[in-house]
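First up is the structure itself, then whatever we jot down about it.
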Amino acid sequence: MQIINAQFLKSSSKLSECEEYNLNEVAFLGRSNVGKSSLINTLTNNSKLAKKSQTPGKTRLINFFEVSFSDKKRLIFVDLPGFGYAKVSKSQKEEWNKNLEYFVKNRGQIKVFLHLIDARHDELSIDENLFLYVQSFNKEAKYIRVFTKIDKLNQSQMAKLKNKHKDAFFISSLKKSGFSNLLEFLAQYGI
Ligand SMILES: Nc1nc2c(ncn2[C@@H]2O[C@H](COP(=O)(O)OP(=O)(O)OP(=O)(O)O)[C@@H](O)[C@H]2O)c(=O)[nH]1
Ligand SMILES: [Mg+2]
């Protein structure tokens, strides 16, 4: 399966400003700088689609992208601000967190939560409870862990991680590896 077309639709700062697209949505969640925007660019084979940066906190809005698969089905990717980003004022951070939280809790179109985790740091407390948190308000949507930056691991670290997280996906946007399984999985949600 491939994505044959991808286009930016809209950026919004909060749920009330978001539009309805009548398509299923995939939310890209994870710490700031984990590689959410890079993953969207790699999946869509368009390095300029989602804005990425070496500086954490690049994505500050809720960004919608429509993607079309080779079977003509369509899906929405939602690039979100990272959580845990500290280098803004406290009030700004609280405002973002409130908007982000309200969005993920109340956006019924989200059918898949992709939780991106840096493969080198798979046990951070900030990531630990996300599954339980998502479950607490949305039991229907699928929750999946995606380990990013696997190019930074050696073979034995990689084997250990895969053994520990049997249902997860393992990707590198730098090396463009690990995507075909993830694409097959996501394509199931296209309509
Ligand atoms: N080595 C390596 N670097 C990566 C990979 N994916 C992303 N990066 C780098 O990590 C940095 C952050 O990537 P982004 O995609 O902007 O991260 P983000 O999660 O969208 O960050 P925020 O928008 O701040 O929440 C950039 O410098 C990317 O080039 C990867 O698979 N391997
Ligand atoms: Mg981003």
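FYI, nothing fancy with the structure tokens labels: chains A, B, ... in order, residues from 1 per chain, ligands from 1 as they appear.
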Which chains and residue numbers are within 7 Å of ligand 1, counting only C-alpha atoms and all ligand atoms, if I want them as a PyMOL selection string?
-> chain A and resi 30-39+51-60+80-83+148-152+171-175
Can I get the selected residues back with N, CA, C and O atoms, as a short mmCIF file (atom, residue, chain, number, x, y, z; two decimals), in the first residue's frame?
```cif
data_model
loop_
_atom_site.label_atom_id
_atom_site.label_comp_id
_atom_site.auth_asym_id
_atom_site.auth_seq_id
_atom_site.Cartn_x
_atom_site.Cartn_y
_atom_site.Cartn_z
N GLY A 30 2.75 12.47 21.03
CA GLY A 30 4.05 12.11 21.59
C GLY A 30 4.80 13.33 22.06
O GLY A 30 4.40 14.48 21.77
N ARG A 31 5.87 13.09 22.76
CA ARG A 31 6.68 14.18 23.30
C ARG A 31 7.18 15.07 22.18
O ARG A 31 7.37 14.64 21.05
N SER A 32 7.47 16.30 22.56
CA SER A 32 8.04 17.23 21.61
C SER A 32 9.36 16.67 21.09
O SER A 32 10.13 16.09 21.85
N ASN A 33 9.60 16.81 19.79
CA ASN A 33 10.86 16.40 19.17
C ASN A 33 11.00 14.89 18.93
O ASN A 33 12.03 14.41 18.50
N VAL A 34 9.94 14.12 19.18
CA VAL A 34 10.03 12.66 19.03
C VAL A 34 10.02 12.24 17.55
O VAL A 34 10.46 11.15 17.20
N GLY A 35 9.49 13.14 16.69
CA GLY A 35 9.48 12.84 15.26
C GLY A 35 8.09 12.68 14.66
O GLY A 35 7.93 11.99 13.65
N LYS A 36 7.09 13.34 15.22
CA LYS A 36 5.71 13.22 14.70
C LYS A 36 5.59 13.81 13.30
O LYS A 36 5.06 13.17 12.39
N SER A 37 6.07 15.05 13.15
CA SER A 37 5.95 15.71 11.85
C SER A 37 6.81 14.99 10.81
O SER A 37 6.39 14.80 9.66
N SER A 38 7.99 14.55 11.24
CA SER A 38 8.87 13.80 10.31
C SER A 38 8.20 12.52 9.84
O SER A 38 8.32 12.14 8.67
N LEU A 39 7.49 11.85 10.75
CA LEU A 39 6.82 10.60 10.36
C LEU A 39 5.74 10.86 9.31
O LEU A 39 5.62 10.12 8.33
N LYS A 51 5.69 20.66 9.08
CA LYS A 51 6.91 21.38 9.47
C LYS A 51 7.62 20.66 10.59
O LYS A 51 7.07 20.42 11.64
N LYS A 52 8.89 20.32 10.34
CA LYS A 52 9.68 19.68 11.39
C LYS A 52 10.82 20.60 11.77
O LYS A 52 11.14 21.54 11.05
N SER A 53 11.44 20.31 12.90
CA SER A 53 12.52 21.17 13.36
C SER A 53 13.39 20.47 14.38
O SER A 53 12.95 19.57 15.08
N GLN A 54 14.66 20.92 14.44
CA GLN A 54 15.54 20.38 15.49
C GLN A 54 15.20 20.98 16.84
O GLN A 54 15.59 20.47 17.86
N THR A 55 14.49 22.11 16.82
CA THR A 55 14.12 22.75 18.08
C THR A 55 12.77 22.21 18.54
O THR A 55 11.79 22.31 17.81
N PRO A 56 12.72 21.65 19.73
CA PRO A 56 11.44 21.13 20.22
C PRO A 56 10.38 22.23 20.28
O PRO A 56 10.70 23.39 20.52
N GLY A 57 9.14 21.87 20.05
CA GLY A 57 8.06 22.84 20.12
C GLY A 57 7.73 23.44 18.76
O GLY A 57 7.08 24.47 18.66
N LYS A 58 8.17 22.78 17.69
CA LYS A 58 7.93 23.32 16.36
C LYS A 58 6.43 23.35 16.03
O LYS A 58 5.91 24.34 15.53
N THR A 59 5.75 22.23 16.28
CA THR A 59 4.34 22.17 15.93
C THR A 59 3.52 22.78 17.07
O THR A 59 3.53 22.27 18.18
N ARG A 60 2.86 23.88 16.76
CA ARG A 60 2.14 24.58 17.83
C ARG A 60 0.64 24.56 17.62
O ARG A 60 -0.12 25.04 18.44
N LEU A 80 0.02 16.91 15.79
CA LEU A 80 -0.31 17.65 17.02
C LEU A 80 0.95 18.23 17.67
O LEU A 80 2.05 17.73 17.46
N PRO A 81 0.76 19.26 18.49
CA PRO A 81 1.92 19.77 19.25
C PRO A 81 2.41 18.67 20.20
O PRO A 81 1.62 17.85 20.65
N GLY A 82 3.69 18.67 20.47
CA GLY A 82 4.23 17.67 21.40
C GLY A 82 3.85 17.98 22.83
O GLY A 82 3.67 19.14 23.17
N PHE A 83 3.75 16.95 23.64
CA PHE A 83 3.53 17.26 25.05
C PHE A 83 4.86 17.27 25.79
O PHE A 83 5.84 16.70 25.33
N THR A 148 10.31 5.61 17.42
CA THR A 148 10.96 6.41 16.37
C THR A 148 12.48 6.42 16.56
O THR A 148 12.99 6.02 17.62
N LYS A 149 13.18 6.89 15.54
CA LYS A 149 14.63 7.08 15.57
C LYS A 149 15.38 5.77 15.85
O LYS A 149 16.37 5.76 16.58
N ILE A 150 14.88 4.67 15.28
CA ILE A 150 15.54 3.39 15.54
C ILE A 150 16.94 3.32 14.93
O ILE A 150 17.73 2.44 15.26
N ASP A 151 17.24 4.29 14.04
CA ASP A 151 18.61 4.34 13.50
C ASP A 151 19.63 4.60 14.60
O ASP A 151 20.82 4.41 14.40
N LYS A 152 19.17 5.04 15.76
CA LYS A 152 20.09 5.33 16.88
C LYS A 152 20.37 4.10 17.73
O LYS A 152 21.13 4.18 18.70
N ILE A 171 10.26 2.53 13.58
CA ILE A 171 10.54 3.25 12.34
C ILE A 171 11.75 4.20 12.46
O ILE A 171 12.14 4.61 13.55
N SER A 172 12.30 4.52 11.32
CA SER A 172 13.29 5.57 11.24
C SER A 172 12.95 6.47 10.06
O SER A 172 12.94 6.02 8.92
N SER A 173 12.67 7.73 10.36
CA SER A 173 12.40 8.67 9.27
C SER A 173 13.69 9.02 8.56
O SER A 173 13.70 9.34 7.38
N LEU A 174 14.80 8.96 9.31
CA LEU A 174 16.10 9.27 8.72
C LEU A 174 16.47 8.22 7.67
O LEU A 174 16.85 8.55 6.55
N LYS A 175 16.32 6.95 8.03
CA LYS A 175 16.71 5.87 7.11
C LYS A 175 15.55 5.39 6.25
O LYS A 175 15.70 4.47 5.45
#
```
Do you know which residues are at most 6 Å from stretch 104-121 of chain A counting only C-alpha atoms, after dropping those on the same chain fewer than 3 positions away, and could you put them as a PyMOL selection string?
-> chain A and resi 24-30+34+101+141-148+150
Polymer residues at most 12 Å from A:Asn41, only C-alpha atoms, same-chain spacing of 6 or more positions, as a list in words | Ile3, Asn5, Ala6, Gln7, Phe8, Gly35, Ser47, Lys48, Leu49, Ala50, Lys51, Lys52, Phe65, Val67, Phe77, Asp79, Ser172, Ser173, Leu174, Lys176 and Phe179 of chain A
If you run DSSP over the backbone, which residues in stretch 49-165 of chain A end up strand (DSSP E or B)? Put them as a ChimeraX atom specification.
-> /A:62-69,74-79,83,110-118,142-148
Could you give me, as a PyMOL selection string, each residue of chain A that DSSP assigns to helix (DSSP H, G or I) when run on this structure's backbone?
-> chain A and resi 15-17+36-44+90-106+125-128+130-137+150-152+155-164+179-187
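The smallest atom-to-atom distance between A:Ile4 and any of A:Asn129, A:Asn22, A:Ser68, A:Thr42, using only C-alpha atoms, is found for A:Ser68.
Distances here use only C-alpha atoms and all ligand atoms; by that measure, the residue among A:Asn181, A:Ile62, A:Ser16, A:Asn46 closest to ligand 2 is A:Ile62.
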Shell of 7 Å around A:Leu23, only C-alpha atoms, local chain residues under 3 positions omitted, as a list of chain:residue names |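 The filter keeps A:Leu75, A:Ile76, A:Ile191.
Each of A:Glu123, A:Glu184, A:Glu20, A:Glu140 was checked against A:Ser70 using only C-alpha atoms; the smallest atom-to-atom distance is that of A:Glu184.
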Please, what distance in Å, to one decimal, runs between atom CA of A:Gly190 and atom CA of A:Phe69?
->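 Answer for the atom CA of A:Gly190 to atom CA of A:Phe69 separation: 7.8 Å.
Distance check against ligand 2 using only C-alpha atoms and all ligand atoms: of A:Leu153, A:Ile40, A:Ala168, A:Cys18, the minimum falls on A:Ile40.
Taking atom CA of A:Gln2 as the reference point, atom 1 (Mg, counted along the ligand's line) of ligand 2 is found at 22.3 Å.
Shortest separation to ligand 2 among A:Ile126, A:Met1, A:Leu61, A:Val134 occurs at residue A:Leu61, atoms counted being only C-alpha atoms and all ligand atoms.
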Determine the nearest neighbour of ligand 2 from the options A:Ser177, A:Asn99, A:Asn163, A:Asn63, counting only C-alpha atoms and all ligand atoms.
-> A:Asn63
Test item: residues at most 6 Å from A:Phe64, only C-alpha atoms, excluding those fewer than 5 positions along its chain, as a PyMOL selection string = chain A and resi 9-10+77-78
The selected residues should be written to file as an mmCIF file, in the first residue's frame (atoms: N, CA and C atoms).
```
data_model
loop_
_atom_site.group_PDB
_atom_site.id
_atom_site.type_symbol
_atom_site.label_atom_id
_atom_site.label_comp_id
_atom_site.auth_asym_id
_atom_site.auth_seq_id
_atom_site.Cartn_x
_atom_site.Cartn_y
_atom_site.Cartn_z
ATOM 1 N N LEU A 9 -4.711 20.557 4.874
ATOM 2 C CA LEU A 9 -6.062 21.104 4.853
ATOM 3 C C LEU A 9 -6.175 22.383 5.687
ATOM 4 N N LYS A 10 -5.761 22.272 6.953
ATOM 5 C CA LYS A 10 -5.989 23.412 7.830
ATOM 6 C C LYS A 10 -5.204 23.282 9.125
ATOM 7 N N PHE A 77 -4.618 12.626 8.560
ATOM 8 C CA PHE A 77 -3.550 12.600 9.556
ATOM 9 C C PHE A 77 -3.616 13.909 10.337
ATOM 10 N N VAL A 78 -3.554 13.807 11.652
ATOM 11 C CA VAL A 78 -3.571 15.020 12.474
ATOM 12 C C VAL A 78 -2.236 15.150 13.203
#
```
